[in-house]
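Listing of target_9.txt, compact mmCIF, C-alpha atoms and all ligand atoms
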```
# COMPACT_ATOMS: atom_id res chain seq x y z
CA MET A 187 -10.44 -22.15 -17.69
CA ALA A 188 -11.56 -24.37 -14.80
CA ASN A 189 -8.46 -26.55 -15.14
CA LYS A 190 -6.13 -23.58 -15.17
CA LEU A 191 -7.71 -22.20 -12.02
CA THR A 192 -7.49 -25.43 -10.14
CA GLN A 193 -3.85 -25.83 -11.10
CA ALA A 194 -3.02 -22.26 -10.12
CA SER A 195 -4.72 -22.57 -6.72
CA PHE A 196 -3.14 -25.95 -6.11
CA LYS A 197 0.32 -24.66 -7.01
CA LYS A 198 -0.11 -21.77 -4.60
CA ARG A 199 -1.36 -23.87 -1.72
CA PHE A 200 1.35 -26.42 -2.26
CA ALA A 201 4.12 -23.82 -2.26
CA PHE A 202 2.49 -21.95 0.61
CA SER A 203 2.73 -24.94 2.91
CA ASN A 204 6.53 -24.75 2.58
CA TYR A 205 6.84 -21.24 4.02
CA GLN A 206 7.88 -20.97 7.61
CA VAL A 207 8.15 -18.00 9.90
CA ILE A 208 10.76 -18.76 12.52
CA LEU A 209 9.52 -17.42 15.85
CA SER A 210 10.99 -17.32 19.32
CA GLY A 211 7.99 -16.41 21.45
CA GLU A 212 6.72 -13.23 19.78
CA ARG A 213 10.11 -12.63 18.22
CA ILE A 214 10.47 -13.13 14.47
CA LEU A 215 13.88 -14.63 13.80
CA GLY A 216 13.41 -15.00 10.10
CA ILE A 217 11.17 -16.07 7.28
CA LYS A 218 12.15 -19.25 5.50
CA MET A 219 10.97 -19.53 1.97
CA PRO A 220 12.13 -22.79 0.50
CA GLY A 221 10.54 -23.64 -2.80
CA ARG A 222 9.80 -20.31 -4.37
CA ILE A 223 9.91 -16.63 -3.63
CA PRO A 224 6.51 -15.19 -2.60
CA LYS A 225 4.92 -13.21 -5.39
CA VAL A 226 3.03 -9.95 -4.91
CA VAL A 227 1.18 -7.93 -7.55
CA VAL A 228 0.65 -4.28 -6.59
CA ILE A 229 -2.02 -2.26 -8.39
CA GLY A 230 -1.78 1.42 -7.51
CA GLY A 231 -1.28 4.94 -8.79
CA THR A 232 2.10 6.17 -10.00
CA TYR A 233 3.24 9.76 -9.54
CA VAL A 234 6.38 11.83 -9.78
CA ASP A 235 6.89 14.04 -6.74
CA MET A 236 8.49 17.38 -7.58
CA ALA A 237 9.38 19.02 -4.30
CA ILE A 238 10.74 22.55 -4.00
CA ARG A 239 12.04 23.94 -0.72
CA CYS A 240 11.21 27.60 -0.25
CA GLY A 241 11.31 30.01 2.68
CA GLN A 242 7.55 30.39 2.60
CA ILE A 243 4.70 28.97 0.54
CA PRO A 244 3.60 31.75 -1.84
CA ALA A 245 0.14 33.28 -1.59
CA PRO A 246 -1.79 33.78 -4.89
CA GLY A 247 -0.04 36.46 -6.95
CA GLN A 248 3.20 36.15 -4.95
CA THR A 249 6.52 34.74 -6.23
CA VAL A 250 9.09 33.20 -3.92
CA THR A 251 12.55 31.77 -4.64
CA GLY A 252 13.08 28.03 -4.39
CA ALA A 253 16.08 26.77 -2.44
CA ALA A 254 16.25 23.13 -3.58
CA LEU A 255 14.47 20.85 -6.03
CA SER A 256 14.08 17.09 -5.90
CA TYR A 257 12.00 14.72 -7.94
CA ALA A 258 11.35 11.07 -7.37
CA PRO A 259 8.74 8.45 -8.18
CA THR A 260 6.02 8.23 -5.56
CA GLY A 261 2.41 7.18 -5.07
CA PRO A 262 0.93 4.02 -3.64
CA GLY A 263 1.93 1.97 -6.71
CA PRO A 264 5.72 2.49 -6.69
CA ASN A 265 6.00 2.86 -2.90
CA GLN A 266 4.02 -0.23 -1.93
CA ALA A 267 5.70 -2.26 -4.67
CA ALA A 268 9.16 -1.12 -3.52
CA GLU A 269 8.33 -2.02 0.11
CA ALA A 270 7.14 -5.51 -0.79
CA ALA A 271 10.33 -5.97 -2.85
CA LEU A 272 12.46 -4.73 0.08
CA CYS A 273 10.74 -7.45 2.12
CA GLY A 274 12.07 -10.06 -0.29
CA CYS A 275 9.07 -10.65 -2.56
CA ASP A 276 8.98 -11.03 -6.30
CA VAL A 277 6.93 -7.92 -7.17
CA TYR A 278 5.04 -6.76 -10.24
CA LEU A 279 3.49 -3.30 -10.46
CA VAL A 280 0.34 -2.77 -12.53
CA SER A 281 -0.08 0.94 -13.18
CA LYS A 282 -0.17 3.59 -15.91
CA VAL A 283 2.27 6.35 -16.78
CA GLY A 284 2.24 8.96 -19.54
CA GLY A 285 4.06 9.41 -22.83
CA ASP A 286 6.62 11.77 -21.28
CA PRO A 287 10.22 11.49 -20.03
CA PHE A 288 8.98 10.91 -16.45
CA ALA A 289 7.71 7.49 -17.50
CA GLN A 290 11.24 6.21 -18.14
CA MET A 291 12.54 7.76 -14.94
CA VAL A 292 9.84 5.97 -12.93
CA LYS A 293 10.59 2.62 -14.58
CA GLU A 294 14.33 2.92 -14.05
CA SER A 295 13.87 3.79 -10.42
CA LEU A 296 11.50 0.84 -9.89
CA ALA A 297 13.98 -1.48 -11.57
CA GLU A 298 16.57 -0.41 -8.98
CA PHE A 299 14.15 -1.66 -6.33
CA ASN A 300 13.78 -4.93 -8.24
CA VAL A 301 10.15 -4.19 -9.09
CA ASN A 302 9.04 -5.68 -12.41
CA THR A 303 7.53 -2.94 -14.65
CA GLN A 304 6.29 -5.13 -17.50
CA PHE A 305 2.72 -4.08 -16.65
CA VAL A 306 3.39 -0.39 -16.08
CA TYR A 307 1.53 0.72 -19.19
CA ALA A 308 2.06 3.97 -21.10
CA ALA A 309 -0.91 6.18 -22.06
CA GLU A 310 1.00 8.05 -24.76
CA ALA A 311 -1.46 10.94 -24.99
CA LYS A 312 -1.36 11.60 -21.26
CA ASN A 313 1.17 12.85 -18.75
CA THR A 314 2.51 10.82 -15.87
CA GLY A 315 0.74 11.72 -12.61
CA ILE A 316 2.54 14.55 -10.83
CA VAL A 317 2.57 15.85 -7.27
CA VAL A 318 4.00 19.35 -6.98
CA THR A 319 5.03 19.95 -3.38
CA LEU A 320 6.19 23.21 -1.85
CA VAL A 321 7.95 22.80 1.49
CA ASN A 322 8.48 25.86 3.69
CA ALA A 323 11.20 26.52 6.28
CA GLU A 324 9.06 24.91 9.02
CA GLY A 325 8.76 21.71 6.98
CA GLU A 326 5.08 22.30 6.20
CA ASN A 327 3.82 21.24 2.76
CA ALA A 328 1.40 22.51 0.15
CA ASP A 329 0.64 19.90 -2.54
CA CYS A 330 -1.06 19.88 -5.90
CA VAL A 331 -1.85 16.43 -7.27
CA TYR A 332 -2.40 15.89 -11.01
CA THR A 333 -3.69 12.35 -11.59
CA GLY A 334 -2.70 12.25 -15.29
CA ALA A 335 -2.38 8.75 -16.75
CA ASN A 336 -3.62 7.12 -13.53
CA SER A 337 -7.16 8.01 -14.52
CA ALA A 338 -6.73 5.95 -17.71
CA LEU A 339 -6.15 2.56 -16.05
CA ARG A 340 -8.82 0.31 -17.57
CA PRO A 341 -10.27 -3.15 -16.82
CA GLN A 342 -8.55 -4.32 -20.05
CA ASP A 343 -5.20 -3.41 -18.48
CA ILE A 344 -6.03 -5.74 -15.61
CA ASP A 345 -6.98 -8.50 -18.09
CA THR A 346 -3.57 -8.13 -19.73
CA ALA A 347 -1.94 -8.83 -16.36
CA GLU A 348 -4.25 -11.80 -15.56
CA GLN A 349 -1.49 -14.39 -15.81
CA ILE A 350 0.72 -12.78 -13.16
CA ILE A 351 -2.28 -12.02 -10.93
CA SER A 352 -3.20 -15.71 -11.14
CA GLU A 353 0.33 -16.77 -10.14
CA ALA A 354 0.66 -14.28 -7.27
CA ASP A 355 0.16 -15.07 -3.60
CA VAL A 356 -1.22 -11.59 -2.93
CA CYS A 357 -2.77 -8.84 -5.00
CA LEU A 358 -2.42 -5.51 -3.17
CA ILE A 359 -4.76 -2.84 -4.55
CA HIS A 360 -4.91 0.87 -3.74
CA GLY A 361 -8.33 2.47 -4.13
CA ARG A 362 -7.28 5.78 -5.69
CA LEU A 363 -7.70 4.50 -9.23
CA PRO A 364 -10.68 4.30 -11.61
CA GLN A 365 -13.27 2.15 -9.85
CA GLN A 366 -13.88 -0.18 -12.78
CA ALA A 367 -10.20 -1.14 -12.84
CA ILE A 368 -10.29 -1.88 -9.11
CA VAL A 369 -13.38 -4.05 -9.45
CA ALA A 370 -11.78 -5.92 -12.38
CA ALA A 371 -8.64 -6.49 -10.30
CA ILE A 372 -10.57 -7.83 -7.31
CA ARG A 373 -12.61 -10.15 -9.51
CA CYS A 374 -9.54 -11.40 -11.36
CA ALA A 375 -7.62 -12.13 -8.15
CA LYS A 376 -10.61 -13.86 -6.50
CA VAL A 377 -11.23 -16.08 -9.52
CA HIS A 378 -7.64 -17.30 -9.32
CA GLY A 379 -7.55 -17.79 -5.55
CA THR A 380 -5.07 -14.94 -5.07
CA LYS A 381 -5.41 -13.13 -1.71
CA VAL A 382 -6.80 -9.60 -2.07
CA ILE A 383 -5.61 -6.77 0.17
CA LEU A 384 -7.41 -3.53 -0.56
CA ASN A 385 -6.66 -0.04 0.72
CA PRO A 386 -10.10 1.43 0.05
CA ALA A 387 -9.14 5.06 -0.60
CA ARG A 388 -11.70 7.07 -2.56
CA PRO A 389 -11.63 6.25 -6.30
CA ILE A 390 -10.21 8.85 -8.70
CA GLU A 391 -13.59 9.70 -10.24
CA GLN A 392 -15.31 10.24 -6.87
CA PRO A 393 -13.76 13.39 -5.43
CA SER A 394 -16.59 14.10 -3.04
CA ARG A 395 -18.09 11.95 -0.37
CA GLN A 396 -21.75 12.13 -1.39
CA ASP A 397 -20.96 10.19 -4.60
CA ILE A 398 -19.73 7.24 -2.64
CA ALA A 399 -21.38 3.88 -3.21
CA LEU A 400 -18.77 1.20 -2.88
CA PRO A 401 -19.14 -1.82 -5.15
CA ILE A 402 -19.88 -5.07 -3.33
CA GLU A 403 -16.62 -6.52 -4.69
CA TYR A 404 -14.72 -4.37 -2.19
CA PHE A 405 -16.12 -6.49 0.62
CA SER A 406 -14.90 -9.74 -0.91
CA ALA A 407 -11.34 -8.66 -0.04
CA ASP A 408 -9.35 -10.86 2.31
CA SER A 409 -8.11 -7.74 4.09
CA LEU A 410 -9.34 -4.17 3.95
CA ILE A 411 -6.68 -1.79 5.25
CA PRO A 412 -8.14 1.74 5.47
CA ASN A 413 -6.74 4.49 7.65
CA LEU A 414 -9.16 6.13 10.09
CA TYR A 415 -10.40 8.69 7.55
CA GLU A 416 -10.89 6.15 4.77
CA ALA A 417 -12.66 3.87 7.27
CA ALA A 418 -15.02 6.70 8.25
CA ASP A 419 -15.63 7.40 4.58
CA ILE A 420 -16.58 3.89 3.55
CA THR A 421 -18.74 3.24 6.59
CA GLU A 422 -20.44 6.61 6.16
CA LYS A 423 -19.44 7.75 9.63
CA SER A 424 -18.60 11.42 9.98
CA THR A 425 -15.60 10.73 12.20
CA ALA A 426 -13.61 7.75 13.23
CA ASN A 427 -11.38 7.44 16.26
CA ILE A 428 -9.60 4.79 18.23
CA ARG A 429 -12.81 3.95 20.12
CA THR A 430 -14.93 3.55 16.99
CA ALA A 431 -12.20 1.73 14.99
CA LYS A 432 -13.29 -1.58 16.49
CA LEU A 433 -16.92 -0.97 15.50
CA ILE A 434 -15.96 0.14 12.03
CA GLY A 435 -13.74 -2.92 11.59
CA SER A 436 -16.57 -5.21 12.74
CA ASP A 437 -18.90 -3.48 10.29
CA LEU A 438 -16.48 -4.13 7.40
CA VAL A 439 -16.12 -7.78 8.43
CA ALA A 440 -19.92 -8.13 8.73
CA ARG A 441 -20.16 -6.81 5.17
CA GLY A 442 -17.95 -9.64 3.93
CA ALA A 443 -14.26 -8.78 4.33
CA ALA A 444 -12.33 -11.61 6.02
CA SER A 445 -10.38 -9.03 8.04
CA ALA A 446 -10.15 -5.27 8.46
CA ILE A 447 -7.04 -3.49 9.68
CA ILE A 448 -7.72 0.14 10.53
CA THR A 449 -4.50 2.11 10.70
CA MET A 450 -4.40 5.06 13.12
CA GLY A 451 -0.99 6.66 12.70
CA LYS A 452 0.95 6.89 15.96
CA ARG A 453 -2.01 5.30 17.76
CA GLY A 454 -1.23 1.99 16.03
CA CYS A 455 -3.81 -0.15 14.26
CA MET A 456 -6.92 -2.19 15.04
CA VAL A 457 -7.13 -5.70 13.60
CA VAL A 458 -10.63 -7.13 13.33
CA ASP A 459 -11.72 -10.49 11.97
CA ARG A 460 -14.31 -13.11 12.85
CA THR A 461 -12.28 -14.22 15.87
CA GLY A 462 -12.31 -10.75 17.48
CA ALA A 463 -10.55 -7.39 17.61
CA ASP A 464 -7.01 -6.58 18.73
CA HIS A 465 -5.23 -3.27 19.05
CA ILE A 466 -1.60 -3.29 17.92
CA PRO A 467 0.21 -0.28 19.39
CA ALA A 468 2.63 1.71 17.24
CA PHE A 469 6.37 1.33 17.73
CA GLU A 470 8.06 4.29 19.37
CA VAL A 471 10.51 5.86 16.97
CA GLU A 472 12.24 9.18 16.45
CA LEU A 473 10.05 11.10 14.01
CA VAL A 474 11.75 12.76 11.05
CA ASP A 475 9.18 12.72 8.22
CA GLN A 476 5.97 10.71 8.19
CA THR A 477 5.63 10.60 4.39
CA GLY A 478 5.26 7.06 3.10
CA ARG A 479 4.22 5.42 6.38
CA GLY A 480 0.91 4.13 4.97
CA ASN A 481 2.61 2.71 1.89
CA ALA A 482 5.35 1.08 3.98
CA PHE A 483 2.62 -0.50 6.14
CA ALA A 484 0.65 -1.78 3.12
CA GLY A 485 3.69 -3.14 1.23
CA ALA A 486 5.06 -4.94 4.29
CA PHE A 487 1.60 -6.26 5.24
CA ALA A 488 1.20 -7.73 1.75
CA ALA A 489 4.69 -9.25 1.85
CA TYR A 490 3.96 -10.98 5.16
CA CYS A 491 0.55 -12.22 3.98
CA ALA A 492 2.24 -13.66 0.89
CA VAL A 493 4.27 -15.85 3.22
CA LYS A 494 1.88 -16.64 6.03
CA ASP A 495 -1.84 -16.53 6.73
CA ASP A 496 -1.83 -14.56 10.00
CA VAL A 497 -3.22 -11.02 9.87
CA ARG A 498 -2.16 -10.13 13.42
CA GLU A 499 1.46 -11.10 12.86
CA ALA A 500 1.32 -9.38 9.48
CA ALA A 501 -0.04 -6.19 11.07
CA LYS A 502 2.74 -6.18 13.66
CA PHE A 503 5.39 -6.64 10.97
CA ALA A 504 3.73 -3.86 8.92
CA SER A 505 3.52 -1.56 11.96
CA ALA A 506 7.29 -1.81 12.33
CA ALA A 507 7.65 -0.89 8.64
CA GLY A 508 5.26 2.09 9.02
CA ALA A 509 7.17 3.33 12.07
CA LEU A 510 10.56 3.01 10.35
CA ALA A 511 9.32 4.99 7.33
CA CYS A 512 8.79 7.90 9.76
CA THR A 513 12.46 7.92 10.77
CA LYS A 514 13.86 9.15 7.41
CA PHE A 515 13.16 11.98 4.97
CA GLY A 516 11.33 11.19 1.74
CA SER A 517 8.95 8.48 0.60
CA ILE A 518 10.40 5.73 -1.62
CA GLU A 519 13.95 6.32 -0.37
CA ALA A 520 12.77 6.15 3.25
CA LEU A 521 11.21 2.67 3.01
CA PRO A 522 12.74 0.07 5.34
CA THR A 523 14.22 -3.29 4.36
CA LYS A 524 13.09 -6.62 5.81
CA ALA A 525 16.28 -6.74 7.93
CA GLU A 526 15.52 -3.31 9.45
CA ILE A 527 11.94 -4.35 10.20
CA ILE A 528 13.07 -7.55 11.89
CA GLU A 529 15.67 -5.60 13.91
CA LEU A 530 12.95 -3.26 15.25
CA LEU A 531 10.70 -6.21 16.12
CA GLN A 532 13.57 -7.84 17.99
CA LYS A 533 14.48 -4.63 19.83
CA GLU A 534 10.96 -4.23 21.11
CA ASP A 535 10.97 -7.84 22.20
CA ILE A 536 14.14 -7.41 24.23
CA GLY A 537 13.12 -3.99 25.62
N1 LIG A 601 4.22 8.48 14.15
C1 LIG A 601 4.24 7.15 14.06
N2 LIG A 601 4.98 6.41 14.94
C2 LIG A 601 5.01 5.08 14.87
N3 LIG A 601 4.34 4.36 13.95
C3 LIG A 601 3.58 5.03 13.07
C4 LIG A 601 3.50 6.46 13.07
N4 LIG A 601 2.68 6.85 12.06
C5 LIG A 601 2.29 5.71 11.46
N5 LIG A 601 2.80 4.61 12.06
C6 LIG A 601 2.55 3.20 11.71
O1 LIG A 601 2.18 3.11 10.35
C7 LIG A 601 0.80 2.66 10.23
C8 LIG A 601 0.14 3.39 9.09
O2 LIG A 601 0.08 4.76 9.39
P1 LIG A 601 -1.19 5.68 9.08
O3 LIG A 601 -2.37 5.16 9.78
O4 LIG A 601 -0.77 7.08 9.38
O5 LIG A 601 -1.35 5.44 7.52
P2 LIG A 601 -1.96 6.41 6.40
O6 LIG A 601 -2.86 7.45 7.03
O7 LIG A 601 -2.53 5.51 5.37
O8 LIG A 601 -0.65 7.12 5.87
P3 LIG A 601 -0.41 7.75 4.44
O9 LIG A 601 -0.98 9.12 4.51
O10 LIG A 601 1.10 7.73 4.34
O11 LIG A 601 -1.07 6.85 3.43
C9 LIG A 601 0.19 2.91 11.60
O12 LIG A 601 -0.88 2.00 11.86
C10 LIG A 601 1.37 2.68 12.54
O13 LIG A 601 1.55 1.30 12.79
MG MG A 602 -2.69 5.54 3.24
```

Using the file provided, produce a representation of the structure as structure tokens.
Amino acid sequence: MANKLTQASFKKRFAFSNYQVILSGERILGIKMPGRIPKVVVIGGTYVDMAIRCGQIPAPGQTVTGAALSYAPTGPGPNQAAEAALCGCDVYLVSKVGGDPFAQMVKESLAEFNVNTQFVYAAEAKNTGIVVTLVNAEGENADCVYTGANSALRPQDIDTAEQIISEADVCLIHGRLPQQAIVAAIRCAKVHGTKVILNPARPIEQPSRQDIALPIEYFSADSLIPNLYEAADITEKSTANIRTAKLIGSDLVARGAASAIITMGKRGCMVVDRTGADHIPAFEVELVDQTGRGNAFAGAFAAYCAVKDDVREAAKFASAAGALACTKFGSIEALPTKAEIIELLQKEDIG
């Protein structure tokens, strides 16, 4: 065991030293990855989004006629994995689907994004997680989320994926999963010297805030990337805002996280680590549909961290991804490529 670990960490460090981000001032010209492709393992919930457009969202007892139906894989698992793959990483998704036809649909779609689904397990007796969305004429949504097979992700499933977690540069974990699986994933990644990025959303089995008692493992993450509401939740503050983001970030770092990046939608994000706090403003873009922005941010952040150890640069790269996800309809189909992200970074530099 000890030998294997040392070899894995050595291999990673050795390869890591080869990566180069080509900068001109603040401008990212490209990311050179001689040697090997950066590897990212994403652990997150998988859902199928069934969206129906209707004139108005029906009240209880009312029936309305749907105008259009679409269904596509969604959730932090597929979306963050697809974003990291679009950024050029070798990506594995660890997640759980049901024993229904949606499972195959999800896997095929992920394969189109070049995401490896070897560790997308099937809980045959369960259904794949589903989000039923009704969209009215004004573009407002009403959602019902059924967690399905996501609630059956177990620590043993993480053990089965230990080899790829040990080989990865980054393990990106989304908190809306069973807590024991998250803790197992953090422990596994830490043991193998794999960087941990955790979006500490509330675990599946803790629907209400008063149950919250976060395991200490959460604070061994290299980066915690909550949004303002998640940050308020885990620091037991009733509200969080741009002024308190810095304090909340410092609190998370004081509790052990190497860095905390609090995302604040169009107000940008706050990066806090032991060297200080920096606000990274959001990119100005033409808003079409904000779905998927958080997942675009997380996937791109992980991809950058897999290449280079600089959370501020990573947060800027991820901010461009989050902004671009707002410029198109949909979630997985609206995620930007690395080339699009770099183009936006360059535009801002010139402008
Ligand atoms: N309207 C916007 N304009 C520009 N950039 C945005 C906008 N909304 C989000 N972003 C970028 O994306 C990042 C993540 O967004 P946000 O904080 O809304 O995530 P989130 O609440 O986790 O989203 P989600 O609900 O999709 O998970 C922001 O920090 C910002 O950089
Ligand atoms: Mg989010």

Could you give me the residues within 6 Å of ligand LIG 601 (chain A), counting only C-alpha atoms and all ligand atoms, as a list in words?
Asn413, Thr449, Met450, Gly451, Lys452, Gly454, Cys455, Ala468, Phe469, Glu470, Val471, Thr477, Gly478, Arg479, Gly480, Asn481, Phe483, Ser505, Gly508 and Ala509 of chain A

Within 12 Å of ligand MG 602 (chain A), counting all atoms listed in the file, which protein or nucleic acid residues do you find, written as a PyMOL selection string?
chain A and resi 230+261-263+265-266+359-362+384-388+410-417+447-451+476-485+508

Env of Ala444 (chain A): 7 Å cut, atoms = only C-alpha atoms, seq-sep filter 6 positions within chain, self excluded. Answer as a ChimeraX atom specification.
/A:407-409,459

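Omitting Ala311 (chain A) and its sequence neighbours fewer than 2 positions away, and counting all atoms listed in the file, the residues within 7 Å are Gly284, Gly285 and Ala309 of chain A.
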
Enter the distance from CA of Ala271 (chain A) to CA of Val301 (chain A), in Å, rounded to one decimal.
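CA of Val301 (chain A) lies at a distance of 6.5 Å from CA of Ala271 (chain A).
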
Could you tell me which of A:Phe515, A:Val280, A:Asn322, A:Gln365 comes closest to Asp345 (chain A) if we count all atoms listed in the file?
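Among the listed residues, A:Val280 lies closest to Asp345 (chain A).
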
May I have the residues within 8 Å of Ala492 (chain A) as a VMD selection string, using only C-alpha atoms and disregarding those fewer than 3 positions away in the same chain?
chain A and resid 224 to 226 355 to 356 488 to 489 495

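Candidate residues A:Gln304, A:Pro246, A:Asn427, A:Thr333 were compared for distance to Val317 (chain A), and the nearest is A:Thr333, using only C-alpha atoms.
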
Which residue out of A:Asn300, A:Thr513, A:Asn313, A:Gln366 has the minimum interatomic distance to Phe288 (chain A) when only C-alpha atoms are used?
A:Asn313

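Using all atoms listed in the file, the shortest contact distance between Val306 (chain A) and any of A:Gln290, A:Ser406, A:Thr319, A:Thr461 is found at A:Gln290.
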
Counting all atoms listed in the file, which residue out of A:Ile528, A:Ala446, A:Ala270, A:Leu400 sits closest to Ile368 (chain A)?
A:Leu400

Between A:Leu320, A:Ala440, A:Ala507, A:Leu279, which residue has the minimum interatomic distance to Val228 (chain A), considering only C-alpha atoms?
A:Leu279

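Atom pair CA of Gly442 (chain A) / CA of Thr380 (chain A): separated by 16.6 Å.
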
Here's a test: counting all atoms listed in the file, identify every protein, DNA and RNA residue with an atom at most 12 Å from (-22.5, 0.0, -4.3) in the file's coordinate frame, and state them as a VMD selection string.
chain A and resid 365 369 397 to 405 420 to 421 441

What is the distance, in Å and to one decimal place, between CA of Leu531 (chain A) and CA of Ile223 (chain A)?
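So the answer is 22.3 Å.
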
If the box runs along x, y and z of the file and leaves 6 Å on each side of region 228-235 of chain A, what are its centre and edge lengths in Å, one decimal, as JSON?
```
{"center_x": 2.4, "center_y": 4.9, "center_z": -8.3, "size_x": 20.9, "size_y": 30.3, "size_z": 15.4}
```

Around the point (13.8, 24.7, -2.4) (coordinates from the file), which residues reach within 9 Å if we count all atoms listed in the file? Answer as an NGL selection string.
:A and (237-241 or 251-256 or 320-322)

Close residues, Val227 (chain A) itself excluded, 7 Å, all atoms listed in the file, min 4 positions apart in chain, as a JSON list (two decimals) with C-alpha atoms, in the frame of the given file:
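Saved as result-v6.json:
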```json
[["chain", "number", "residue", "atom", "x", "y", "z"],
["A", 277, "VAL", "CA", 6.93, -7.92, -7.17],
["A", 278, "TYR", "CA", 5.04, -6.76, -10.24],
["A", 279, "LEU", "CA", 3.49, -3.30, -10.46],
["A", 351, "ILE", "CA", -2.28, -12.02, -10.93],
["A", 354, "ALA", "CA", 0.66, -14.28, -7.27],
["A", 356, "VAL", "CA", -1.22, -11.59, -2.93],
["A", 357, "CYS", "CA", -2.77, -8.84, -5.00],
["A", 358, "LEU", "CA", -2.42, -5.51, -3.17]]
```
